[in-house]
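Student: Please find target-v1.cif (mmCIF, C-alpha atoms) on the next line:
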data_work
#
loop_
_atom_site.label_atom_id
_atom_site.label_comp_id
_atom_site.auth_asym_id
_atom_site.auth_seq_id
_atom_site.Cartn_x
_atom_site.Cartn_y
_atom_site.Cartn_z
CA MET H 288 -12.94 -11.66 -7.06
CA SER H 289 -12.50 -15.28 -6.13
CA SER H 290 -10.50 -16.09 -3.03
CA VAL H 291 -7.80 -18.76 -2.90
CA GLU H 292 -7.82 -19.86 0.73
CA GLU H 293 -6.21 -23.28 0.54
CA GLY H 294 -2.64 -23.97 -0.46
CA ASP H 295 0.66 -22.25 0.16
CA LEU H 296 -0.44 -18.80 -0.99
CA VAL H 297 -3.54 -16.78 -0.16
CA ALA H 298 -4.42 -14.04 -2.64
CA ARG H 299 -7.61 -12.09 -2.08
CA VAL H 300 -9.12 -8.63 -1.98
CA GLU H 301 -10.05 -7.09 1.36
CA GLY H 302 -11.70 -3.72 0.81
CA ALA H 303 -9.27 -1.65 -1.21
CA ALA H 304 -6.28 -3.92 -0.50
CA GLY H 305 -5.02 -6.83 -2.53
CA ILE H 306 -3.69 -9.21 0.13
CA ILE H 307 -0.86 -11.64 -0.63
CA ARG H 308 -0.24 -13.98 2.31
CA LEU H 309 2.59 -16.51 2.30
CA ASN H 310 0.84 -19.50 3.85
CA ARG H 311 3.39 -22.09 5.00
CA PRO H 312 3.65 -21.18 8.69
CA LYS H 313 5.29 -24.49 9.72
CA ALA H 314 8.14 -23.74 7.28
CA ILE H 315 8.23 -20.04 8.29
CA ASN H 316 6.62 -19.42 4.89
CA ALA H 317 9.61 -20.61 2.86
CA VAL H 318 8.81 -19.83 -0.77
CA THR H 319 8.58 -22.36 -3.61
CA LEU H 320 8.53 -21.96 -7.38
CA ASP H 321 4.76 -22.44 -7.40
CA MET H 322 4.38 -19.66 -4.82
CA PHE H 323 6.42 -17.25 -6.95
CA ARG H 324 4.15 -18.07 -9.89
CA ASP H 325 1.03 -17.54 -7.78
CA ILE H 326 2.34 -14.19 -6.52
CA ASP H 327 2.96 -13.11 -10.12
CA LYS H 328 -0.63 -14.07 -11.06
CA ALA H 329 -1.97 -12.21 -8.02
CA LEU H 330 -0.04 -9.09 -9.04
CA ASP H 331 -1.55 -9.38 -12.53
CA ARG H 332 -5.03 -9.37 -11.02
CA PHE H 333 -4.40 -6.62 -8.50
CA GLU H 334 -2.72 -4.37 -11.08
CA ALA H 335 -5.70 -4.71 -13.43
CA ASP H 336 -8.40 -4.27 -10.76
CA PRO H 337 -9.29 -0.57 -10.32
CA ALA H 338 -10.84 -1.36 -6.91
CA VAL H 339 -7.42 -2.40 -5.57
CA ALA H 340 -5.63 0.70 -4.32
CA VAL H 341 -2.76 -1.01 -2.48
CA VAL H 342 -1.10 -4.43 -2.29
CA VAL H 343 -0.17 -5.89 1.12
CA LEU H 344 2.36 -8.73 1.54
CA GLU H 345 2.22 -10.64 4.84
CA GLY H 346 3.15 -14.02 6.28
CA ALA H 347 0.96 -16.56 8.06
CA GLY H 348 1.75 -17.47 11.66
CA GLU H 349 3.76 -15.76 14.36
CA ARG H 350 7.32 -16.67 13.38
CA GLY H 351 8.00 -14.42 10.44
CA LEU H 352 7.23 -13.18 6.97
CA CYS H 353 9.51 -15.67 5.22
CA ALA H 354 12.60 -17.73 6.09
CA GLY H 355 13.75 -17.72 2.45
CA GLY H 356 13.59 -20.09 -0.49
CA ASP H 357 12.83 -23.80 -0.33
CA ILE H 358 16.54 -24.59 -0.19
CA ARG H 359 16.18 -28.35 0.35
CA THR H 360 14.44 -28.80 -3.02
CA LEU H 361 17.17 -26.77 -4.75
CA TRP H 362 19.81 -28.93 -3.05
CA GLU H 363 18.14 -32.11 -4.28
CA SER H 364 18.06 -30.76 -7.85
CA SER H 365 21.69 -29.62 -7.67
CA LYS H 366 22.80 -33.10 -6.56
CA VAL H 367 21.42 -34.68 -9.75
CA ASN H 368 22.47 -31.84 -12.10
CA GLY H 369 18.84 -30.76 -12.41
CA ASP H 370 17.59 -27.45 -13.77
CA LEU H 371 15.45 -26.18 -10.87
CA GLY H 372 18.01 -23.46 -10.04
CA LYS H 373 17.92 -22.11 -13.60
CA ILE H 374 14.09 -22.07 -13.66
CA LEU H 375 13.37 -20.92 -10.10
CA TRP H 376 15.93 -18.13 -9.90
CA ARG H 377 14.96 -16.81 -13.34
CA GLU H 378 11.29 -16.47 -12.35
CA GLU H 379 12.11 -15.25 -8.84
CA TYR H 380 14.49 -12.51 -10.00
CA ILE H 381 12.06 -11.30 -12.68
CA LEU H 382 9.41 -11.13 -9.93
CA ASN H 383 11.79 -9.15 -7.67
CA ALA H 384 12.25 -6.58 -10.45
CA ARG H 385 8.49 -6.44 -11.04
CA ILE H 386 7.84 -5.69 -7.36
CA LYS H 387 10.24 -2.74 -7.47
CA LYS H 388 8.40 -1.26 -10.47
CA PHE H 389 4.86 -2.20 -9.42
CA PRO H 390 2.58 0.74 -10.33
CA LYS H 391 0.46 0.66 -7.16
CA PRO H 392 1.67 1.08 -3.58
CA TYR H 393 3.06 -2.28 -2.40
CA VAL H 394 3.28 -2.61 1.39
CA ALA H 395 5.46 -5.40 2.82
CA PHE H 396 4.92 -6.34 6.47
CA MET H 397 8.39 -7.59 7.42
CA ASP H 398 7.63 -9.07 10.82
CA GLY H 399 9.70 -11.75 12.56
CA ILE H 400 12.15 -13.71 10.43
CA VAL H 401 12.80 -12.21 6.98
CA MET H 402 15.60 -13.91 5.07
CA GLY H 403 16.83 -14.61 1.55
CA GLY H 404 13.89 -15.00 -0.81
CA GLY H 405 11.67 -13.26 1.74
CA VAL H 406 13.88 -10.18 1.42
CA GLY H 407 13.43 -10.33 -2.36
CA LEU H 408 9.64 -10.22 -2.00
CA SER H 409 9.65 -7.39 0.54
CA ALA H 410 12.72 -5.13 0.45
CA HIS H 411 12.03 -3.99 -3.14
CA ALA H 412 8.53 -2.85 -2.15
CA SER H 413 7.52 0.80 -2.23
CA HIS H 414 6.64 0.62 1.51
CA ARG H 415 8.63 -1.65 3.81
CA ILE H 416 7.44 -2.04 7.39
CA VAL H 417 9.57 -3.73 10.04
CA THR H 418 8.54 -4.38 13.64
CA ASP H 419 9.84 -4.70 17.18
CA ARG H 420 10.51 -8.40 16.50
CA THR H 421 11.98 -8.27 12.98
CA LYS H 422 15.05 -10.44 12.38
CA LEU H 423 16.22 -9.70 8.85
CA ALA H 424 19.27 -11.36 7.33
CA MET H 425 20.98 -12.37 4.12
CA PRO H 426 22.86 -15.46 5.41
CA GLU H 427 23.62 -17.03 2.02
CA VAL H 428 27.44 -16.96 2.33
CA GLY H 429 27.05 -19.61 5.03
CA LEU H 430 25.53 -21.85 2.34
CA GLY H 431 28.34 -21.36 -0.16
CA PHE H 432 26.13 -18.85 -1.93
CA PHE H 433 25.87 -15.03 -1.98
CA PRO H 434 23.10 -12.50 -1.15
CA ASP H 435 20.91 -12.75 -4.24
CA VAL H 436 17.29 -11.67 -5.06
CA GLY H 437 18.70 -8.18 -5.58
CA GLY H 438 20.58 -8.41 -2.30
CA THR H 439 23.76 -7.09 -3.89
CA TYR H 440 21.82 -4.03 -5.10
CA LEU H 441 20.31 -3.40 -1.65
CA LEU H 442 23.48 -4.04 0.35
CA SER H 443 25.60 -1.86 -1.94
CA ARG H 444 23.23 1.03 -1.21
CA SER H 445 23.44 0.77 2.57
CA PRO H 446 25.44 3.56 4.28
CA GLY H 447 29.22 3.16 4.28
CA GLU H 448 30.29 -0.48 4.64
CA ILE H 449 27.22 -1.58 6.61
CA GLY H 450 26.01 -3.59 3.61
CA THR H 451 29.40 -5.22 3.13
CA TYR H 452 29.33 -6.26 6.80
CA PHE H 453 25.80 -7.69 6.67
CA GLY H 454 26.39 -9.40 3.31
CA LEU H 455 29.61 -11.15 4.34
CA THR H 456 28.71 -12.09 7.91
CA GLY H 457 25.02 -12.90 7.43
CA GLN H 458 24.39 -11.17 10.75
CA THR H 459 20.81 -10.27 11.67
CA MET H 460 19.34 -6.77 11.50
CA ASN H 461 16.65 -5.71 13.93
CA GLY H 462 13.93 -3.35 12.70
CA PRO H 463 15.73 -0.03 13.27
CA ASP H 464 18.98 -1.36 11.75
CA ALA H 465 17.00 -2.55 8.71
CA VAL H 466 15.78 1.04 8.30
CA HIS H 467 19.33 2.34 8.69
CA ALA H 468 20.62 -0.17 6.12
CA LYS H 469 17.88 0.95 3.68
CA PHE H 470 16.17 -2.44 3.68
CA ALA H 471 13.06 -0.93 5.30
CA ASP H 472 11.30 2.40 5.69
CA ALA H 473 9.49 2.40 9.03
CA VAL H 474 9.29 0.54 12.33
CA VAL H 475 5.70 -0.21 13.37
CA PRO H 476 5.10 -2.16 16.61
CA VAL H 477 3.42 -5.53 16.05
CA ALA H 478 0.60 -4.46 18.36
CA ARG H 479 -0.33 -1.63 15.96
CA TRP H 480 -0.27 -3.70 12.77
CA PRO H 481 -3.94 -4.81 12.88
CA GLU H 482 -5.04 -1.18 13.05
CA LEU H 483 -2.70 -0.13 10.23
CA ARG H 484 -3.70 -3.13 8.14
CA GLU H 485 -7.36 -2.18 8.57
CA ALA H 486 -6.56 1.39 7.49
CA LEU H 487 -4.81 0.08 4.37
CA THR H 488 -7.93 -1.86 3.37
CA LYS H 489 -9.77 1.48 3.42
CA ALA H 490 -7.31 3.33 1.17
CA ARG H 491 -9.02 5.46 -1.43
CA PRO H 492 -8.91 4.42 -5.09
CA GLY H 493 -5.86 5.91 -6.79
CA ALA H 494 -4.01 6.32 -3.48
CA THR H 495 -0.45 7.48 -4.17
CA GLU H 496 2.76 6.27 -2.57
CA ALA H 497 2.86 9.57 -0.67
CA ASP H 498 -0.64 8.91 0.69
CA VAL H 499 0.36 5.47 1.93
CA SER H 500 3.63 6.77 3.41
CA LYS H 501 1.68 9.36 5.37
CA LEU H 502 -0.71 6.72 6.65
CA ILE H 503 2.14 4.43 7.77
CA SER H 504 4.01 7.28 9.47
CA GLY H 505 1.04 7.72 11.80
CA PHE H 506 1.77 4.27 13.26
CA ALA H 507 5.58 4.31 13.11
CA THR H 508 7.96 4.73 16.04
CA GLY H 509 10.37 6.94 14.10
CA GLU H 510 13.36 4.72 14.96
CA THR H 511 16.05 4.80 12.29
CA ALA H 512 19.15 3.15 13.79
CA GLY H 513 19.83 0.02 15.84
CA PRO H 514 22.88 -1.52 17.57
CA VAL H 515 24.87 -2.17 14.38
CA ALA H 516 24.46 1.41 13.18
CA ALA H 517 26.28 2.54 16.32
CA LYS H 518 29.34 0.58 15.14
CA GLU H 519 29.35 2.10 11.66
CA PRO H 520 32.67 4.02 11.96
CA LEU H 521 34.44 0.83 13.03
CA ILE H 522 32.69 -1.26 10.35
CA ASP H 523 33.67 1.30 7.70
CA ALA H 524 37.31 1.03 8.73
CA LEU H 525 37.32 -2.79 8.80
CA PHE H 526 35.30 -3.54 5.67
CA GLY H 527 36.41 -0.75 3.32
CA PHE H 528 38.53 -3.03 1.14
CA ASP H 529 38.03 -4.78 -2.19
CA ARG H 530 39.84 -8.01 -1.24
CA MET H 531 38.79 -10.46 1.46
CA GLU H 532 42.42 -10.90 2.53
CA ASP H 533 42.55 -7.19 3.40
CA ILE H 534 39.34 -7.38 5.43
CA PHE H 535 40.68 -10.36 7.38
CA ALA H 536 43.96 -8.53 7.98
CA ALA H 537 42.15 -5.41 9.21
CA LEU H 538 40.03 -7.46 11.63
CA LYS H 539 43.14 -9.19 13.03
CA ARG H 540 44.98 -5.88 13.37
CA ASP H 541 42.10 -4.20 15.16
CA GLY H 542 41.79 -7.00 17.72
CA SER H 543 38.73 -5.49 19.44
CA GLU H 544 36.03 -7.75 20.84
CA PHE H 545 33.81 -6.85 17.88
CA ALA H 546 36.58 -7.51 15.34
CA LEU H 547 37.47 -10.88 16.83
CA ALA H 548 33.82 -11.97 17.01
CA THR H 549 33.39 -10.91 13.38
CA LEU H 550 36.54 -12.81 12.40
CA LYS H 551 35.16 -15.94 14.05
CA THR H 552 31.92 -15.56 12.10
CA LEU H 553 33.72 -15.07 8.77
CA ASN H 554 35.91 -18.10 9.41
CA GLU H 555 32.76 -20.23 9.39
CA LYS H 556 31.68 -19.02 5.93
CA SER H 557 32.54 -20.33 2.49
CA PRO H 558 35.80 -18.67 1.34
CA ARG H 559 34.65 -18.85 -2.27
CA GLY H 560 31.23 -17.50 -1.28
CA MET H 561 32.83 -14.53 0.47
CA VAL H 562 35.08 -13.66 -2.47
CA VAL H 563 32.15 -13.89 -4.92
CA THR H 564 29.95 -11.80 -2.59
CA LEU H 565 32.51 -9.03 -2.13
CA LYS H 566 33.13 -8.82 -5.88
CA LEU H 567 29.38 -8.64 -6.63
CA LEU H 568 28.87 -6.00 -3.94
CA ARG H 569 31.62 -3.81 -5.37
CA LEU H 570 30.27 -4.20 -8.92
CA ALA H 571 26.76 -3.38 -7.67
CA ARG H 572 27.90 0.01 -6.36
CA ALA H 573 28.32 1.19 -9.95
CA ALA H 574 25.08 -0.42 -11.19
CA SER H 575 22.42 1.90 -12.54
CA SER H 576 19.49 -0.41 -11.77
CA LEU H 577 18.23 -3.40 -9.82
CA GLU H 578 17.92 -5.30 -13.11
CA GLU H 579 21.63 -4.87 -13.83
CA CYS H 580 22.45 -6.47 -10.48
CA LEU H 581 19.92 -9.28 -10.99
CA VAL H 582 21.48 -10.17 -14.35
CA ARG H 583 24.87 -10.46 -12.65
CA GLU H 584 23.40 -12.40 -9.73
CA TYR H 585 21.73 -14.86 -12.11
CA ARG H 586 25.03 -15.63 -13.83
CA ALA H 587 26.67 -16.23 -10.48
CA ALA H 588 23.74 -18.25 -9.11
CA LEU H 589 23.92 -20.76 -11.97
CA GLU H 590 27.61 -21.25 -11.24
CA VAL H 591 26.86 -21.67 -7.52
CA PHE H 592 24.21 -24.28 -8.34
CA ARG H 593 26.89 -26.42 -9.97
CA SER H 594 29.33 -26.02 -7.09
CA ASP H 595 30.34 -28.41 -4.33
CA ASP H 596 30.29 -25.52 -1.84
CA PHE H 597 26.55 -24.97 -2.31
CA ARG H 598 25.73 -28.64 -1.83
CA GLU H 599 28.07 -28.86 1.16
CA GLY H 600 26.77 -25.65 2.75
CA VAL H 601 23.14 -26.75 2.49
CA ARG H 602 24.03 -30.23 3.72
CA ALA H 603 25.70 -28.86 6.85
CA ALA H 604 23.04 -26.23 7.62
CA VAL H 605 19.78 -27.81 6.47
CA ILE H 606 20.12 -31.54 5.73
CA ASP H 607 22.46 -33.06 8.33
CA LYS H 608 22.49 -29.92 10.49
CA ASP H 609 25.99 -30.68 11.80
CA ARG H 610 27.03 -27.04 11.19
CA ASN H 611 30.43 -28.31 10.07
CA PRO H 612 30.84 -27.73 6.33
CA THR H 613 34.04 -28.66 4.49
CA TRP H 614 34.60 -25.78 2.09
CA SER H 615 36.47 -25.99 -1.21
CA PRO H 616 38.92 -24.37 -1.16
CA PRO H 617 39.20 -24.15 2.63
CA ARG H 618 41.04 -20.81 2.84
CA ILE H 619 40.49 -17.32 1.46
CA GLU H 620 44.00 -17.14 0.01
CA ASP H 621 43.30 -20.29 -2.04
CA VAL H 622 40.43 -18.67 -3.98
CA THR H 623 42.07 -17.76 -7.29
CA PRO H 624 40.97 -15.30 -9.98
CA GLN H 625 40.43 -18.34 -12.21
CA MET H 626 37.90 -19.71 -9.69
CA LEU H 627 36.09 -16.37 -9.53
CA ALA H 628 35.88 -15.80 -13.30
CA PRO H 629 33.02 -18.24 -14.13
CA TYR H 630 30.72 -16.51 -11.61
CA LEU H 631 31.02 -13.27 -13.57
CA ALA H 632 31.05 -14.61 -17.13
CA GLU H 633 28.27 -13.92 -19.63
CA ILE H 634 26.05 -16.95 -20.27
CA GLY H 635 24.75 -16.38 -23.79
CA ALA H 636 21.24 -17.66 -24.45
CA ASP H 637 20.63 -18.25 -20.74
CA GLU H 638 21.05 -14.57 -19.79
CA LEU H 639 18.31 -13.15 -17.58
CA LYS H 640 15.99 -10.88 -19.56
CA PHE H 641 13.17 -8.60 -18.42
CA ASN H 642 10.01 -7.81 -20.36
#
What would the structure in this file look like if it were written as structure tokens?
Tutor:
Amino acid sequence: MSSVEEGDLVARVEGAAGIIRLNRPKAINAVTLDMFRDIDKALDRFEADPAVAVVVLEGAGERGLCAGGDIRTLWESSKVNGDLGKILWREEYILNARIKKFPKPYVAFMDGIVMGGGVGLSAHASHRIVTDRTKLAMPEVGLGFFPDVGGTYLLSRSPGEIGTYFGLTGQTMNGPDAVHAKFADAVVPVARWPELREALTKARPGATEADVSKLISGFATGETAGPVAAKEPLIDALFGFDRMEDIFAALKRDGSEFALATLKTLNEKSPRGMVVTLKLLRLARAASSLEECLVREYRAALEVFRSDDFREGVRAAVIDKDRNPTWSPPRIEDVTPQMLAPYLAEIGADELKFN
């Protein structure tokens, strides 16, 4: 098989492994539309090749698997009423669903920074490896957005209200907390990855998911809970509501150091983004599939793309980097049901469809 070494994505066969390497280390491997398309083509090849027993996703460089989507390009398109959001998110979400159903073991090496679009490429894998330096987050609410790429599906399946907490605050999970939150399966120290990676390239043809799980477990630490998991009873009490006003009230009432720090974090986020996120998380709990959540996320994403909050959030975080967004509306209590409705409405011919 030919090897594609240059460019933003490396896709090649090493032994029995089909390797997909995100190859933009200076941008912490932020993913573009072209990269999503190249990943899809690589999966076509690896699925059809009987010599490929397992697929391995990894990131170039030392900083992380993937810092998320190429948000600056989306911002530029949003400013001129472009259609990049409609095109990119459609193809990305369809790819996310494909990864979850991929017929061969798909191993994601979730080292370092793993955010946003990087979560979509890894956390739906059949085998999700985090490390002693993993920093995983879904920080989209700070951009006037919500945890997409199937994030609402994943977060709604975390224990208790852990997913609600991570989705609304955008706080970072370490490796063990990612396992606890069901975003990952095993913690493997970075130092042991080369040895495990080598073993994966020697997987036998027709290796099952159970075979690969057994192989990974031989390198794993067995850790299943980090610092946030220890706060789960408190998080459950503070975030077990269906309205943002009630969560804010509970945090103020509690008054603990954790509650006040969390309140400070939430006060920096987009009020509209938080209300949309909480609604999508609650709807996702009743969803029967990832695809159902992705359809809902796509509707909401197109509405976000048209919104001032998205442009303002990206401006403050990525463009001007002043970290001082002016949200519209500025307060939770000003987000009306009428404002929320378009994020949930059916979109006719533009609905997301899966093959």
Student: Given the choices H:Arg530, H:Arg586, H:Arg311, H:Arg479, which gets closest to Lys566 (chain H) if the distance is worked out from all atoms listed in the file?
Tutor: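 Closest residue, counting all atoms listed in the file: H:Arg530.
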Student: Taking 2 positions as the minimum chain separation for residues in the same chain, which residues sit within 12 Å of Glu633 (chain H) when counting only C-alpha atoms? Answer as an MDAnalysis selection string.
Tutor: chainID H and resid 582:587 589:590 628:631 635:639
Student: In Å, how far is it from CA of Thr360 (chain H) to CA of Phe592 (chain H)?
Tutor: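 Distance between the two atoms: 12.0 Å.
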Student: Report the distance between CA of Ala354 (chain H) and CA of Arg598 (chain H) in Å, rounded to one decimal place.
Tutor: 18.8 Å
Student: Extract, using only C-alpha atoms, all DNA, RNA and protein residues at most 9 Å from region 318-331 of chain H, discarding same-chain residues fewer than 3 positions from it, and format them as a ChimeraX atom specification.
Tutor: /H:295-299,305-307,309,311,314,334-336,342,353-358,360,371,374-376,378-379,382,385-386,389,404-405
Student: When you look at Arg444 (chain H) with a cut-off of 12 Å (counting only C-alpha atoms), what residues show up, excluding the ones that are within fewer than 5 positions of it in the same chain? I need them as a PyMOL selection string.
Tutor: chain H and resi 437-439+449-451+454+467-470+568-577+580
Student: Which of these residues is nearest to Gly369 (chain H), using only C-alpha atoms: H:Arg593, H:Lys388, H:Val475, H:Val515?
Tutor: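 So, comparing all the options, the nearest one is H:Arg593.
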Student: Just checking: using only C-alpha atoms, which residue out of H:Glu427, H:Asp498, H:Glu349, H:Asp523 ends up closest to Ala588 (chain H)?
Tutor: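 Closest candidate: H:Glu427.
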Student: Counting only C-alpha atoms, which of H:Gly600, H:Gly372, H:Gly527, H:Gly560 gets nearest to Leu627 (chain H)?
Tutor: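 Counting only C-alpha atoms, the residue closest to Leu627 (chain H) is H:Gly560.
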Student: Once N, CA, C and O atoms are restored for region 321-338 of chain H, what would the output be as a PDB file, in the frame of the given file?
Tutor:
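Result saved to rebuild-v5.pdb:
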ATOM      1  N   ASP H 321       6.196 -22.620  -7.194  1.00  0.00           N
ATOM      2  CA  ASP H 321       4.760 -22.440  -7.400  1.00  0.00           C
ATOM      3  C   ASP H 321       4.242 -21.180  -6.708  1.00  0.00           C
ATOM      4  O   ASP H 321       3.361 -20.486  -7.230  1.00  0.00           O
ATOM      5  N   MET H 322       4.795 -20.877  -5.534  1.00  0.00           N
ATOM      6  CA  MET H 322       4.380 -19.660  -4.820  1.00  0.00           C
ATOM      7  C   MET H 322       4.789 -18.409  -5.588  1.00  0.00           C
ATOM      8  O   MET H 322       4.024 -17.449  -5.680  1.00  0.00           O
ATOM      9  N   PHE H 323       6.000 -18.406  -6.146  1.00  0.00           N
ATOM     10  CA  PHE H 323       6.420 -17.250  -6.950  1.00  0.00           C
ATOM     11  C   PHE H 323       5.452 -17.057  -8.124  1.00  0.00           C
ATOM     12  O   PHE H 323       5.065 -15.931  -8.450  1.00  0.00           O
ATOM     13  N   ARG H 324       5.074 -18.150  -8.752  1.00  0.00           N
ATOM     14  CA  ARG H 324       4.150 -18.070  -9.890  1.00  0.00           C
ATOM     15  C   ARG H 324       2.786 -17.553  -9.455  1.00  0.00           C
ATOM     16  O   ARG H 324       2.159 -16.764 -10.165  1.00  0.00           O
ATOM     17  N   ASP H 325       2.326 -18.001  -8.285  1.00  0.00           N
ATOM     18  CA  ASP H 325       1.030 -17.540  -7.780  1.00  0.00           C
ATOM     19  C   ASP H 325       1.064 -16.064  -7.393  1.00  0.00           C
ATOM     20  O   ASP H 325       0.084 -15.337  -7.570  1.00  0.00           O
ATOM     21  N   ILE H 326       2.201 -15.613  -6.850  1.00  0.00           N
ATOM     22  CA  ILE H 326       2.340 -14.190  -6.520  1.00  0.00           C
ATOM     23  C   ILE H 326       2.279 -13.351  -7.802  1.00  0.00           C
ATOM     24  O   ILE H 326       1.618 -12.311  -7.859  1.00  0.00           O
ATOM     25  N   ASP H 327       2.965 -13.826  -8.842  1.00  0.00           N
ATOM     26  CA  ASP H 327       2.960 -13.110 -10.120  1.00  0.00           C
ATOM     27  C   ASP H 327       1.535 -12.995 -10.677  1.00  0.00           C
ATOM     28  O   ASP H 327       1.122 -11.926 -11.153  1.00  0.00           O
ATOM     29  N   LYS H 328       0.771 -14.094 -10.593  1.00  0.00           N
ATOM     30  CA  LYS H 328      -0.630 -14.070 -11.060  1.00  0.00           C
ATOM     31  C   LYS H 328      -1.466 -13.107 -10.218  1.00  0.00           C
ATOM     32  O   LYS H 328      -2.316 -12.381 -10.740  1.00  0.00           O
ATOM     33  N   ALA H 329      -1.233 -13.120  -8.896  1.00  0.00           N
ATOM     34  CA  ALA H 329      -1.970 -12.210  -8.020  1.00  0.00           C
ATOM     35  C   ALA H 329      -1.673 -10.761  -8.369  1.00  0.00           C
ATOM     36  O   ALA H 329      -2.576  -9.910  -8.397  1.00  0.00           O
ATOM     37  N   LEU H 330      -0.404 -10.460  -8.661  1.00  0.00           N
ATOM     38  CA  LEU H 330      -0.040  -9.090  -9.040  1.00  0.00           C
ATOM     39  C   LEU H 330      -0.705  -8.696 -10.363  1.00  0.00           C
ATOM     40  O   LEU H 330      -1.119  -7.538 -10.537  1.00  0.00           O
ATOM     41  N   ASP H 331      -0.816  -9.657 -11.286  1.00  0.00           N
ATOM     42  CA  ASP H 331      -1.550  -9.380 -12.530  1.00  0.00           C
ATOM     43  C   ASP H 331      -2.967  -8.923 -12.213  1.00  0.00           C
ATOM     44  O   ASP H 331      -3.463  -7.920 -12.753  1.00  0.00           O
ATOM     45  N   ARG H 332      -3.641  -9.665 -11.357  1.00  0.00           N
ATOM     46  CA  ARG H 332      -5.030  -9.370 -11.020  1.00  0.00           C
ATOM     47  C   ARG H 332      -5.165  -8.047 -10.286  1.00  0.00           C
ATOM     48  O   ARG H 332      -6.030  -7.228 -10.589  1.00  0.00           O
ATOM     49  N   PHE H 333      -4.299  -7.840  -9.306  1.00  0.00           N
ATOM     50  CA  PHE H 333      -4.400  -6.620  -8.500  1.00  0.00           C
ATOM     51  C   PHE H 333      -4.047  -5.379  -9.319  1.00  0.00           C
ATOM     52  O   PHE H 333      -4.620  -4.306  -9.114  1.00  0.00           O
ATOM     53  N   GLU H 334      -3.102  -5.516 -10.237  1.00  0.00           N
ATOM     54  CA  GLU H 334      -2.720  -4.370 -11.080  1.00  0.00           C
ATOM     55  C   GLU H 334      -3.885  -3.976 -11.996  1.00  0.00           C
ATOM     56  O   GLU H 334      -4.134  -2.791 -12.236  1.00  0.00           O
ATOM     57  N   ALA H 335      -4.613  -4.982 -12.479  1.00  0.00           N
ATOM     58  CA  ALA H 335      -5.700  -4.710 -13.430  1.00  0.00           C
ATOM     59  C   ALA H 335      -7.006  -4.285 -12.757  1.00  0.00           C
ATOM     60  O   ALA H 335      -7.879  -3.716 -13.415  1.00  0.00           O
ATOM     61  N   ASP H 336      -7.138  -4.534 -11.464  1.00  0.00           N
ATOM     62  CA  ASP H 336      -8.400  -4.270 -10.760  1.00  0.00           C
ATOM     63  C   ASP H 336      -8.421  -2.835 -10.228  1.00  0.00           C
ATOM     64  O   ASP H 336      -7.684  -2.505  -9.303  1.00  0.00           O
ATOM     65  N   PRO H 337      -9.271  -1.974 -10.775  1.00  0.00           N
ATOM     66  CA  PRO H 337      -9.290  -0.570 -10.320  1.00  0.00           C
ATOM     67  C   PRO H 337      -9.736  -0.412  -8.867  1.00  0.00           C
ATOM     68  O   PRO H 337      -9.462   0.613  -8.252  1.00  0.00           O
ATOM     69  N   ALA H 338     -10.408  -1.434  -8.315  1.00  0.00           N
ATOM     70  CA  ALA H 338     -10.840  -1.360  -6.910  1.00  0.00           C
ATOM     71  C   ALA H 338      -9.697  -1.592  -5.939  1.00  0.00           C
ATOM     72  O   ALA H 338      -9.803  -1.274  -4.749  1.00  0.00           O
TER      73      ALA H 338
END
